[in-house]
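Engineer: Please see the structure below; I have some questions.
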Amino acid sequence: MNILLANMPIEFNKRENLEPPLGICYIASMLKKLSGVNIFLRDYEVNLFSEDILGKELEELKIDVIGISFRTASFRSAKEFVKKAKNTGRDIFIAAGGHHATAFPKETLAALNCNAVVVGEGEYTFKELIERLIGGISLEGLKGLVYKSAEKGIIENRVRPPISDIDALPWPARELLNLNEYNVITFLTSRGCPFECIYCDKSISTRKVKFRSAGNIFSEIKHIAGRLNRNRLYIVDDHFFLKKNRTEHILDKIIGEKLSIRWTCQARVDGLSENILKKAKHAGCEQIMYGVETGDQKELEFIRKNATLKDAENALRLTKKAGITARANFMLGFPVSTEESMRNTINFARKLNPDIVRFFAVSPLPNTDLWTHIYGCSRAPGGIKWEDMDFFKPSFDIAGIKREKISLYVSAAYWHVLGKSFLKEISLYFFPNLMKLLYLIVKTGKIRGNISKSFPRSVNLILDNMHQVRGKRLSEAFNFLKKVYKLEKTL
Ligand code: B12
Ligand code: SF4
């Protein structure tokens, strides 16, 4: 049986997120154990996509089953992909998985017109699905599967409990991807996060946290450095520093064995000490991404972040002091937001002065308390079109503030926080930065990735502003930026 596992991008052929998708790599690693199965991986963040290309591939590889991985932001692509796969006329069994499909299994079956949806962590469910398809066994009772039956319509089987022992999972089959396309290797040491921020989708990465053992983690890092010959990791754990002793133990091992790896991770702002950050730096940490989210006390309480503004200040200060790039993510436009609270956030971000900053428009995700707060128990509130949710532009109005205004605040935030550095980068430091860029291009043979290393603030500002003007005509974009300019002056 020939199986294609495909990761969906927000938009095809854009090459926006250049990190290997771990979900399909974990699923693939389970299938490797089955005999008579050939597995192919495609990540459409980096692979070109068109109906022709897909048609040829499905034909040449004689694909029998497709497993697609998508999130709410990539719903549009998932729909297009399935449509084009069906257009080829091949008889292919298509199953979907990931966060959105888990939140809306039945709706996904109908909207995508696929054969089955895998709910939750997919390793065991998908493997069992393939075994049954090979053996011609009915899908009845296959835990974690929602599927279309010719006789009985949509069947929702019982849920499969979350995987308890993640050490028992084989390492992700990254070698099935073309790893040269990526600057980093994605890696996970734990699944889950015990906090309960109201905007966070915890349907797959649950509140009960599962940890891999230090030994297993360390062997995989060595495998990546040795067999895969890669030394840059992106640790995708929700909070890499959650269990400090364990994290320290991993850091000590990396330092002790002199593994020359470089890594980036995600973390909460609370509970970090100068010592552990210094140790992280020593062990190769290059960047930490913090979810600061807001600079307004009332909003902080509303989102149940369970961290203080002081925590954020400390974390950013200590991270920079340790020589680690500090990235801070913020959100604008909560249901309780006012113009004043959004201004508080923007000014707080400027005060923190992170090395990299991102402002997202609040977008309620299915399966979150924020969703319930806005839409109640409705699963498909009027006006929601998943195709239009890109998580950059606001998707709903808040009391007294229209989404167009929130968009203005998002853009103005970037100008307010990064404007001065941007001007310096393109004037005073232009030539030294240009020299650095040329040097990096010669050294690495790549342009992509090096522009942002040489002109970091400019790239941050320009790319993120582009999301707000995307889809606007030139005159509209110009008017929008004029309004942003005026607004920024008032901040
Ligand atoms: C790393 C990460 C990213 C990376 C992605 C890198 C990559 N190539 O995968 C980057 C930074 C690019 C990113 C971007 C975004 N992300 Co993100 N991200 C994560 C994070 C932290 C880890 C994902 C991960 O690798 N998990 C580990 C793997 C093993 O798990 P998994 O992918 O979920 O796969 C398992 C199951 O979902 C299932 N499964 C998945 N696919 C399939 C397919 C089949 C066929 C089957 C059977 C099963 C299956 O089985 C897998 C194994 O158990 C999660 C949070 C989390 N803890 O999950 C958020 C998360 C996935 N991201 C989220 C969001 C909102 C975004 C953005 C919209 C952010 C933004 N504002 O731009 C974008 C959207 C990008 C897109 N293309 O859709 C939300 C998604 C919620 C939703 N309903 O869609 C999450 C859940 C965060 C949260 N808790 O709210 N993200
Ligand atoms: S700390 Fe991060 S991962 Fe944990 S619930 Fe909050 S947003 Fe989600």
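FYI, nothing fancy with the structure tokens labels: chains A, B, ... in order, residues from 1 per chain, ligands from 1 as they appear.
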With only C-alpha atoms as the counted atoms, please give the residues lying no more than 10 Å from Arg174 of chain A, apart from itself and same-chain residues fewer than 6 positions off, as a PyMOL selection string.
Structural biologist: chain A and resi 20-22+24-26+28-29+41+185-186+224+228
Engineer: Would you put the residues from that selection into a file with C-alpha atoms, as a compact mmCIF listing (two decimals), in the first residue's frame?
Structural biologist:
```txt
# COMPACT_ATOMS: atom_id res chain seq x y z
CA PRO A 20 9.70 20.50 9.20
CA PRO A 21 6.17 19.40 10.23
CA LEU A 22 6.51 17.01 13.17
CA ILE A 24 3.27 13.76 9.79
CA CYS A 25 6.83 12.69 10.68
CA TYR A 26 5.58 11.02 13.88
CA ALA A 28 5.14 8.11 9.32
CA SER A 29 7.51 6.65 11.88
CA LEU A 41 5.88 12.80 2.82
CA ILE A 185 14.97 20.59 12.71
CA THR A 186 11.79 20.56 14.77
CA ILE A 224 20.10 14.44 14.53
CA LEU A 228 21.15 13.72 9.92
```
Engineer: When you look at Met389 of chain A with a cut-off of 9 Å (counting only C-alpha atoms), what residues show up, excluding the ones that are within fewer than 4 positions of it in the same chain? I need them as JSON, numbers by chain.
Structural biologist: {"A": [72, 73, 74, 75, 76, 363, 384, 385, 393, 394, 395]}
Engineer: With DSSP run on the backbone, what are the alpha helix (DSSP H) residues within segment 383-464 of chain A? I'd like them as an NGL selection string.
Structural biologist: :A and (403-426 or 430-444 or 450-454 or 456-464)
Engineer: In terms of the shortest atom-to-atom distance over only C-alpha atoms, which of A:Arg42, A:Lys210, A:Arg15, A:His467 is closest to Phe360 of chain A?
Structural biologist: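 Smallest separation from Phe360 of chain A among the options: A:His467.
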Engineer: Taking a cut-off of 12 Å and counting only C-alpha atoms and all ligand atoms, can you build a table that, for each residue of chain A near ligand 2, reports the nearest atom pair and how far apart they are in Å (one decimal), sorted by chain then residue number, as a Markdown table?
Structural biologist:
```
| residue | atom | partner | partner_atom_place_in_ligand_line | distance |
| --- | --- | --- | --- | --- |
| A:Ser190 | CA | ligand 2 | 3 (S) | 11.5 |
| A:Arg191 | CA | ligand 2 | 3 (S) | 9.8 |
| A:Gly192 | CA | ligand 2 | 3 (S) | 7.3 |
| A:Cys193 | CA | ligand 2 | 4 (Fe) | 4.6 |
| A:Pro194 | CA | ligand 2 | 4 (Fe) | 6.3 |
| A:Phe195 | CA | ligand 2 | 5 (S) | 4.3 |
| A:Glu196 | CA | ligand 2 | 5 (S) | 4.3 |
| A:Cys197 | CA | ligand 2 | 6 (Fe) | 4.2 |
| A:Ile198 | CA | ligand 2 | 5 (S) | 7.4 |
| A:Tyr199 | CA | ligand 2 | 7 (S) | 7.0 |
| A:Cys200 | CA | ligand 2 | 8 (Fe) | 4.5 |
| A:Asp201 | CA | ligand 2 | 8 (Fe) | 6.9 |
| A:Lys202 | CA | ligand 2 | 8 (Fe) | 7.0 |
| A:Ser203 | CA | ligand 2 | 8 (Fe) | 10.7 |
| A:Ile204 | CA | ligand 2 | 3 (S) | 11.1 |
| A:Ser205 | CA | ligand 2 | 3 (S) | 8.1 |
| A:Thr206 | CA | ligand 2 | 5 (S) | 8.8 |
| A:Arg207 | CA | ligand 2 | 5 (S) | 7.6 |
| A:Lys208 | CA | ligand 2 | 4 (Fe) | 10.8 |
| A:Val209 | CA | ligand 2 | 4 (Fe) | 10.2 |
| A:Val236 | CA | ligand 2 | 3 (S) | 10.3 |
| A:Asp237 | CA | ligand 2 | 3 (S) | 8.3 |
| A:Asp238 | CA | ligand 2 | 3 (S) | 4.6 |
| A:His239 | CA | ligand 2 | 3 (S) | 6.6 |
| A:Phe240 | CA | ligand 2 | 3 (S) | 10.2 |
| A:Phe241 | CA | ligand 2 | 1 (S) | 11.1 |
| A:Leu242 | CA | ligand 2 | 1 (S) | 9.6 |
| A:Gln266 | CA | ligand 2 | 2 (Fe) | 8.5 |
| A:Ala267 | CA | ligand 2 | 2 (Fe) | 7.5 |
| A:Arg268 | CA | ligand 2 | 1 (S) | 5.9 |
| A:Val269 | CA | ligand 2 | 1 (S) | 9.0 |
| A:Asp270 | CA | ligand 2 | 1 (S) | 9.8 |
| A:Met289 | CA | ligand 2 | 2 (Fe) | 10.6 |
| A:Tyr290 | CA | ligand 2 | 2 (Fe) | 8.8 |
| A:Gly291 | CA | ligand 2 | 2 (Fe) | 6.7 |
| A:Val292 | CA | ligand 2 | 7 (S) | 9.3 |
| A:Glu293 | CA | ligand 2 | 7 (S) | 9.0 |
| A:Leu300 | CA | ligand 2 | 6 (Fe) | 11.4 |
| A:Ile303 | CA | ligand 2 | 6 (Fe) | 8.9 |
| A:Arg304 | CA | ligand 2 | 6 (Fe) | 8.2 |
| A:Lys305 | CA | ligand 2 | 6 (Fe) | 6.2 |
| A:Asn306 | CA | ligand 2 | 1 (S) | 8.5 |
| A:Ala307 | CA | ligand 2 | 1 (S) | 9.2 |
| A:Asn329 | CA | ligand 2 | 7 (S) | 10.7 |
| A:Phe330 | CA | ligand 2 | 7 (S) | 11.2 |
| A:Met331 | CA | ligand 2 | 7 (S) | 11.4 |
| A:Leu365 | CA | ligand 2 | 8 (Fe) | 11.7 |
| A:Thr368 | CA | ligand 2 | 8 (Fe) | 10.1 |
| A:Asp369 | CA | ligand 2 | 5 (S) | 11.1 |
| A:Leu370 | CA | ligand 2 | 7 (S) | 11.9 |
```
Engineer: Would you mind exporting C-alpha atoms of the selected residues as a PDB file, in the first residue's frame?
Structural biologist:
```pdb
ATOM      1  CA  SER A 190       7.230  17.023  25.999  1.00  0.00           C
ATOM      2  CA  ARG A 191       3.591  17.233  24.969  1.00  0.00           C
ATOM      3  CA  GLY A 192       1.103  19.377  26.861  1.00  0.00           C
ATOM      4  CA  CYS A 193       0.958  22.394  29.141  1.00  0.00           C
ATOM      5  CA  PRO A 194      -0.810  22.599  32.522  1.00  0.00           C
ATOM      6  CA  PHE A 195      -1.911  26.231  32.168  1.00  0.00           C
ATOM      7  CA  GLU A 196      -5.274  27.317  30.863  1.00  0.00           C
ATOM      8  CA  CYS A 197      -4.934  30.494  28.841  1.00  0.00           C
ATOM      9  CA  ILE A 198      -8.352  31.075  27.374  1.00  0.00           C
ATOM     10  CA  TYR A 199      -7.250  31.438  23.741  1.00  0.00           C
ATOM     11  CA  CYS A 200      -5.117  28.283  23.600  1.00  0.00           C
ATOM     12  CA  ASP A 201      -6.311  25.129  21.847  1.00  0.00           C
ATOM     13  CA  LYS A 202      -5.638  22.279  24.269  1.00  0.00           C
ATOM     14  CA  SER A 203      -7.467  19.503  22.492  1.00  0.00           C
ATOM     15  CA  ILE A 204      -4.308  17.664  21.390  1.00  0.00           C
ATOM     16  CA  SER A 205      -1.609  19.193  23.534  1.00  0.00           C
ATOM     17  CA  THR A 206      -3.573  18.678  26.751  1.00  0.00           C
ATOM     18  CA  ARG A 207      -3.268  20.072  30.298  1.00  0.00           C
ATOM     19  CA  LYS A 208      -1.790  16.784  31.419  1.00  0.00           C
ATOM     20  CA  VAL A 209       1.837  17.013  30.412  1.00  0.00           C
ATOM     21  CA  VAL A 236       8.274  22.998  19.795  1.00  0.00           C
ATOM     22  CA  ASP A 237       7.276  22.158  23.408  1.00  0.00           C
ATOM     23  CA  ASP A 238       4.636  24.529  24.732  1.00  0.00           C
ATOM     24  CA  HIS A 239       6.919  25.430  27.654  1.00  0.00           C
ATOM     25  CA  PHE A 240      10.410  23.964  27.503  1.00  0.00           C
ATOM     26  CA  PHE A 241      11.267  25.224  31.007  1.00  0.00           C
ATOM     27  CA  LEU A 242       8.151  23.788  32.658  1.00  0.00           C
ATOM     28  CA  GLN A 266       9.071  28.535  23.423  1.00  0.00           C
ATOM     29  CA  ALA A 267       8.554  29.456  27.053  1.00  0.00           C
ATOM     30  CA  ARG A 268       6.342  31.242  29.554  1.00  0.00           C
ATOM     31  CA  VAL A 269       7.670  34.401  31.141  1.00  0.00           C
ATOM     32  CA  ASP A 270       7.235  33.280  34.751  1.00  0.00           C
ATOM     33  CA  MET A 289       9.896  32.919  22.090  1.00  0.00           C
ATOM     34  CA  TYR A 290       7.702  34.258  24.873  1.00  0.00           C
ATOM     35  CA  GLY A 291       3.940  34.533  24.803  1.00  0.00           C
ATOM     36  CA  VAL A 292       3.654  37.878  26.595  1.00  0.00           C
ATOM     37  CA  GLU A 293       0.314  38.550  24.877  1.00  0.00           C
ATOM     38  CA  LEU A 300      -3.923  39.650  31.458  1.00  0.00           C
ATOM     39  CA  ILE A 303      -6.923  35.631  29.367  1.00  0.00           C
ATOM     40  CA  ARG A 304      -5.969  33.734  32.568  1.00  0.00           C
ATOM     41  CA  LYS A 305      -2.293  33.941  31.690  1.00  0.00           C
ATOM     42  CA  ASN A 306      -1.322  33.413  35.311  1.00  0.00           C
ATOM     43  CA  ALA A 307       1.798  35.540  34.898  1.00  0.00           C
ATOM     44  CA  ASN A 329       4.442  37.696  20.937  1.00  0.00           C
ATOM     45  CA  PHE A 330       1.454  39.920  21.658  1.00  0.00           C
ATOM     46  CA  MET A 331      -2.235  39.859  20.793  1.00  0.00           C
ATOM     47  CA  LEU A 365      -9.859  29.044  18.034  1.00  0.00           C
ATOM     48  CA  THR A 368     -11.120  27.235  23.589  1.00  0.00           C
ATOM     49  CA  ASP A 369     -12.819  29.252  26.319  1.00  0.00           C
ATOM     50  CA  LEU A 370     -12.279  32.370  24.240  1.00  0.00           C
TER      51      LEU A 370
END
```
Engineer: Please indicate the distance in Å from atom CA of Ile27 of chain A to atom CA of Glu387 of chain A, rounded to one decimal place.
Structural biologist: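 Computed distance, atom CA of Ile27 of chain A to atom CA of Glu387 of chain A, equals 26.0 Å.
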Engineer: Find, counting only C-alpha atoms, the residue in A:Phe104, A:Gly284, A:Ser69, A:Ile3 that gets nearest to Glu57 of chain A.
Structural biologist: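 Of the candidates, the smallest distance to Glu57 of chain A is held by A:Ile3.
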